[in-house]
Amino acid sequence: MVKRLKLTLLIFLLISFIPATHAQKVGLVLSGGGAKGCTHIGVIRALEENGIPIDYIAGTSMGAIVASLYAMGYTPDEMEELLSSEDFITWQKGQISDNFKFFFKSEDETPEFASFKLNIDDSLSIKPILPTSFISPDQMNQACMYLFSQASTVCKNNFDSLFVPFRCVATDVVTKAQHVHRKGDLGDAVRTSMTFPFVFKPISVDNHLMLDGGIYNNFPIDVMKDELKADYIIGSSVSANSTTARGDDPFVLLENLIMQHTNYDLSELNGKHLHFHYTDVSLLDFHRAKELIQYGYDSTIAHIDEIKAKVSRRIDQETVNAKRAAFNQKKPPLIFKNVIVRGVNTQQKIYIEKNFHNDDETFDYESFKHTYFKLLSDKKIGEIIAHASYNQQTGYYDLILDVTLSDHFKIGIGGNISSTSSNQLYIGLKYLGMRYLSYDVSLDGQIGMLYKDAHLQARIDFPSQLPFCVKLIADINHFSHSSKQYAFYMTDIPTEAFSTEFYTKAKIAIPFFLKGEFNTGMGYGTIKNTYHGPYTTGENEFNATKYHLGTALFQFNHNSLSHKQFPIGGSKAKITVQYIFGRGESEMIDNMNNQLVKLKEIHSNNWIQVSGLIDHYIPLSKRFSIGLLGESVFSTHKLEGNYMETLLMSPAFTPTKHSMMVFNQAFRSKIYFAAGVKPIYNLNKILHLRFENYLYVPYRAIQQTALFSATYDEPFQRLYLISELTAVAQLKYITASVYVNWYSYPEKNWNAGLNIGYLIFHDKLIE
């Protein structure tokens with residue numbers, strides 16, 4: 001009996017030291033590699049379909065994204081849908097969808113094409129603020145909160161308690177060593193693991209600045225062995241240590257410069273290395289996600305029998321799905337109640353909180369996203385890093401916002417470089433601030449041979465339930481009217497007339513949905529028109545009319561155009577109703593009888609002017625689109641004392657940049673109707689050709705009498721045409737164009753030229 005007991009005990013001890021087949025644990029390791037990492041999803045799909053268990057998962061960079069999605073309960077199909085979606089592509093590129101661009105908060109359009117910021121610190125020194133990444137972090141900041149907050153809540157920030165235990169690797173900037181994320185905010189962990197230097201902006205976790213884990217460990221097999229102690233490791237790598245350097249891709253150059261040597265070796269005794277080699281897939285080629293996933297799936301299936309021979313344990317799809325569903329059911333809905341703002345003072349905190357809600361109400365993720373991008377449309381806010389923390393007491397998430405303000409000066413430069421005389425230099429200075437209210441003060445100016453302007457503006461935004469802003473404006477501008485465009489090197493341009501304005505305005509504006517606004521206001525100023533009269537003989541002899549005018553304005557604006565100059569998509573609509581009142585003083589020179597006589601006349605002016613514009617672009621195919629324009633003006637303004645004075649005070653139709661700089665008397669009238677058709681052919685994302693054609697019909701054309709006064713033609717007796725063919729290069733910060741155009745009046749009016757930059761002017765007293 002004793003011998004039998006000893007034998008039984010010996011057998012039990014021997015069995016206990018023999019590894020049980022059913023206890024075999026499988027770990028999956030995924031490398032970094034940008035868009036190439038979509039391949040990992042195909043690997044996961046093949047393993048799941050064949051019953052190969054995934055007990056642990058780890059990754060770096062893009063591998064960390066895929067690994068984290070799987071670890072928090074995404075199926076391969078759901079991962080494919082996400083990574084091939086437009087949302088994911090815009091997150092990776094830092095692009096903000098047009099659906100979240102808030103026109104009301106956008107800055108006024110200027111000819112600026114380059115800018116830099118100056119921060120004044122406590123020592124009163126001025127420091128330039130340089131960009132820290134190629135890609136804006138705004139999308140990534142909110143996307144990480146959206147994707148990972150619910151899973152972080154379920155696992156209580158312990159990555160071992162996810163659907164599948166998870167690890168990812170980042171690089172600690174200070175210690176210059178890898179950092180393994182085991183716990184904490186899941187979104188922050190993944191975000192740091194994929195923050196490739198200079199491409200994405202680094203963030204701080206526990207006061208440690210983190211960068212892409214691939215710098216020191218792009219294939220964390222050691223983490224899987226040491227941290228999670230998997231019995232069998234399947235490795236999927238889409239990268240390799242670089243042996244050559246290419247100079248045609250800046251991302252490849254950065255990768256060669258920054259990435260350290262990674263050990264991609266995986267012993268075949270206790271693992272399987274699936275290596276995928278690509279030569280034609282770039283860092284951000286996520287539009288190829290489906291293709292890459294399929295390749296990963298097919299390649300894994302080719303090795304599946306080899307893997308099955310080493311992994312005897314199986315887990316059926318139903319069991320995996322049931323476990324996944326149980327984990328996902330624990331995720332609380334992403335509904336927010338409390339808003340906690342950090343990084344700003346009390347006044348600024350109140351302003352930001354009021355944008356989300358004024359009462360004790362709750363709001364969902366979509367509401368958060370709209371408000372988030374509205375706040376970022378206000379350039380006074382530099383960055384918002386959002387976190388969602390589940391509050392057991394309220395049953396909702398607390399929205400935690402770490403805000404960095406742009407309480408700084410901004411300097412902008414721009415203008416237009418032209419082969420003609422329409423050269424402009426623009427310089428702007430803006431101060432942006434925030435307390436209980438958001439405000440900015442800007443001073444900018446333009447100088448050129450034909451147009452000069454100095455513009456001072458203050459804007460104050462109020463974060464009420466219906467947000468509104470107040471604008472205070474002072475402007476002085478001078479326009480030299482010339483009927484032709486001359487070579488850019490000419491310093492003495494023949495000019496028919498000059499217009500000088502000085503005015504002040506006060507406006508109140510409120511938003512109208514996402515892309516529109518209403519504004520109303522009052523203005524007062526002077527307009528002085530100087531021109532050669534019928535009896536002036538010398539070059540320095542001019543007639544002049546000076547107006548002292550007040551204006552009352554009501555205006556609707558809508559703008560979703562793709563570019564501020566030469567748009568190819570979106571639409572713009574503008575309706576303006578103005579009442580203008582005041583008086584004018586005319587001084588005329590009469591040399592008719594070889595005597596210099598100055599005549600002075602004072603007259604009152606009161607009129608109503610209504611104008612409307614719509615500019616809409618319709619995509620017809622990937623390459624073709626068409627723009628449609630309609631514009632009309634109705635003015636009750638009477639004819640002035642002479643022909644030239646009447647033209648200068650009449651609205652002008654100027655649909656092209658060239659027409660803005662030339663004085664063409666045929667396209668000025670008190671009442672007119674205009675329409676345009678603009679076929680556009682897109683050669684690629686940068687280059688396009690546009691053929692603009694406009695028809696202009698004045699209701700009653702302004703004509704000159706034998707005595708040089710102005711009179712009206714019969715209704716609808718004339719029509720005029722403009723055609724312009726333009727090749728446009730829309731670069732990120734600047735636009736270049738080459739054009740040739742034709743006007744039906746005067747005869748044989750052909751023009752050609754080159755422009756680099758922007759021709760954009762501030763509004764006049766009469767808009």
# chains A, B, ... in the order shown; residues from 1 in each chain; ligands from 1
>>> select_by_dssp(residues="segment 329-487 of chain A", states="strand (DSSP E)", output="PyMOL selection string")
chain A and resi 335-342+363-364+381-391+396-405+409-418+424-434+438-448+451-462+468-481
>>> residues_around(residues="Lys380 of chain A", least_positions_apart="3", cutoff="12 Å", atoms="only C-alpha atoms", output="JSON, numbers by chain")
{"A": [105, 106, 107, 117, 348, 352, 374, 375, 376, 377, 383, 384, 403, 404, 405, 406, 407, 408, 409, 410, 430, 431, 432, 433, 434, 435, 437, 438, 439, 440, 441, 459, 460, 461]}
>>> closest_residue(among="A:Ile568, A:Val199, A:Tyr547, A:Glu631", to="Glu601 of chain A", atoms="only C-alpha atoms")
A:Tyr547
>>> atom_distance(atom1="atom CA of Trp750 of chain A", atom2="atom CA of Ala497 of chain A")
22.3 Å
>>> residues_around(residues="Leu425 of chain A", least_positions_apart="5", cutoff="6 Å", atoms="only C-alpha atoms", output="JSON, numbers by chain")
{"A": [415, 446, 447]}
>>> residues_around(residues="Val223 of chain A", least_positions_apart="4", cutoff="12 Å", atoms="only C-alpha atoms", output="ChimeraX atom specification")
/A:27-30,56-60,166-170,178-182,217-219,227-230,233
>>> write_last_selection(atoms="N, CA, C and O atoms", output="short mmCIF file (atom, residue, chain, number, x, y, z; two decimals), in the first residue's frame")
data_model
loop_
_atom_site.label_atom_id
_atom_site.label_comp_id
_atom_site.auth_asym_id
_atom_site.auth_seq_id
_atom_site.Cartn_x
_atom_site.Cartn_y
_atom_site.Cartn_z
N GLY A 27 1.75 34.37 -28.09
CA GLY A 27 1.86 35.82 -28.15
C GLY A 27 2.08 36.29 -29.57
O GLY A 27 2.79 35.65 -30.35
N LEU A 28 1.46 37.42 -29.92
CA LEU A 28 1.60 38.00 -31.26
C LEU A 28 2.32 39.34 -31.14
O LEU A 28 1.90 40.21 -30.38
N VAL A 29 3.39 39.51 -31.92
CA VAL A 29 4.19 40.74 -31.88
C VAL A 29 4.10 41.41 -33.25
O VAL A 29 4.34 40.77 -34.28
N LEU A 30 3.79 42.71 -33.24
CA LEU A 30 3.59 43.45 -34.48
C LEU A 30 4.57 44.62 -34.55
O LEU A 30 4.67 45.42 -33.61
N TYR A 56 -1.68 36.92 -25.90
CA TYR A 56 -1.04 38.19 -25.59
C TYR A 56 -0.74 38.90 -26.92
O TYR A 56 -0.54 38.25 -27.95
N ILE A 57 -0.65 40.22 -26.85
CA ILE A 57 -0.33 40.97 -28.06
C ILE A 57 0.51 42.18 -27.69
O ILE A 57 0.29 42.82 -26.66
N ALA A 58 1.50 42.47 -28.53
CA ALA A 58 2.38 43.62 -28.29
C ALA A 58 2.74 44.23 -29.63
O ALA A 58 2.75 43.56 -30.66
N GLY A 59 3.07 45.52 -29.60
CA GLY A 59 3.43 46.18 -30.84
C GLY A 59 4.12 47.49 -30.63
O GLY A 59 4.17 48.03 -29.52
N THR A 60 4.66 47.99 -31.72
CA THR A 60 5.34 49.29 -31.73
C THR A 60 4.76 50.12 -32.86
O THR A 60 4.52 49.60 -33.96
N PHE A 166 -1.96 43.38 -23.22
CA PHE A 166 -1.35 44.20 -24.27
C PHE A 166 -0.12 44.94 -23.73
O PHE A 166 -0.09 45.36 -22.58
N ARG A 167 0.88 45.08 -24.60
CA ARG A 167 2.03 45.92 -24.31
C ARG A 167 2.39 46.72 -25.57
O ARG A 167 2.22 46.24 -26.69
N CYS A 168 2.89 47.93 -25.36
CA CYS A 168 3.45 48.68 -26.48
C CYS A 168 4.68 49.43 -26.00
O CYS A 168 4.89 49.64 -24.80
N VAL A 169 5.50 49.82 -26.95
CA VAL A 169 6.80 50.40 -26.65
C VAL A 169 6.87 51.82 -27.17
O VAL A 169 6.44 52.11 -28.29
N ALA A 170 7.40 52.73 -26.33
CA ALA A 170 7.68 54.10 -26.73
C ALA A 170 9.13 54.40 -26.40
O ALA A 170 9.84 53.58 -25.80
N GLN A 178 14.05 52.67 -24.39
CA GLN A 178 12.67 52.27 -24.62
C GLN A 178 11.87 52.31 -23.31
O GLN A 178 12.40 52.11 -22.22
N HIS A 179 10.60 52.61 -23.45
CA HIS A 179 9.68 52.61 -22.30
C HIS A 179 8.54 51.67 -22.65
O HIS A 179 7.88 51.83 -23.68
N VAL A 180 8.27 50.69 -21.79
CA VAL A 180 7.21 49.72 -22.01
C VAL A 180 5.97 50.18 -21.26
O VAL A 180 5.99 50.38 -20.05
N HIS A 181 4.88 50.35 -22.01
CA HIS A 181 3.60 50.75 -21.41
C HIS A 181 2.85 49.50 -20.95
O HIS A 181 2.47 48.65 -21.75
N ARG A 182 2.61 49.42 -19.63
CA ARG A 182 1.87 48.30 -19.04
C ARG A 182 0.52 48.75 -18.48
O ARG A 182 -0.38 47.94 -18.31
N ASN A 217 13.21 50.09 -30.50
CA ASN A 217 12.74 48.71 -30.57
C ASN A 217 11.50 48.65 -31.45
O ASN A 217 10.38 48.86 -30.98
N ASN A 218 11.70 48.36 -32.71
CA ASN A 218 10.59 48.34 -33.67
C ASN A 218 9.89 46.99 -33.73
O ASN A 218 8.89 46.85 -34.45
N PHE A 219 10.37 46.01 -33.01
CA PHE A 219 9.81 44.66 -33.06
C PHE A 219 9.97 44.04 -31.67
O PHE A 219 10.90 43.27 -31.42
N GLU A 227 8.00 40.25 -20.49
CA GLU A 227 6.85 40.82 -19.78
C GLU A 227 5.69 39.83 -19.70
O GLU A 227 5.11 39.63 -18.65
N LEU A 228 5.35 39.23 -20.82
CA LEU A 228 4.15 38.41 -20.90
C LEU A 228 4.46 36.91 -20.90
O LEU A 228 3.57 36.09 -20.71
N LYS A 229 5.71 36.56 -21.15
CA LYS A 229 6.21 35.18 -21.04
C LYS A 229 5.38 34.20 -21.87
O LYS A 229 4.92 33.16 -21.39
N ALA A 230 5.19 34.54 -23.13
CA ALA A 230 4.47 33.65 -24.04
C ALA A 230 5.30 32.41 -24.33
O ALA A 230 6.54 32.47 -24.43
N ILE A 233 5.71 32.44 -29.90
CA ILE A 233 5.58 33.82 -30.38
C ILE A 233 5.45 33.82 -31.90
O ILE A 233 6.27 33.22 -32.61
#
>>> closest_residue(among="A:Lys505, A:Lys748, A:Lys323, A:His532", to="Leu553 of chain A", atoms="only C-alpha atoms")
A:Lys505
>>> residues_around(residues="Ile413 of chain A", least_positions_apart="5", cutoff="7 Å", atoms="only C-alpha atoms", output="PyMOL selection string")
chain A and resi 112-115+426-428
>>> residues_around(residues="segment 152-164 of chain A", least_positions_apart="2", cutoff="7 Å", atoms="only C-alpha atoms", output="MDAnalysis selection string")
chainID A and resid 55:57 71:73 148:150 166 182:186 324 327 330:331 390
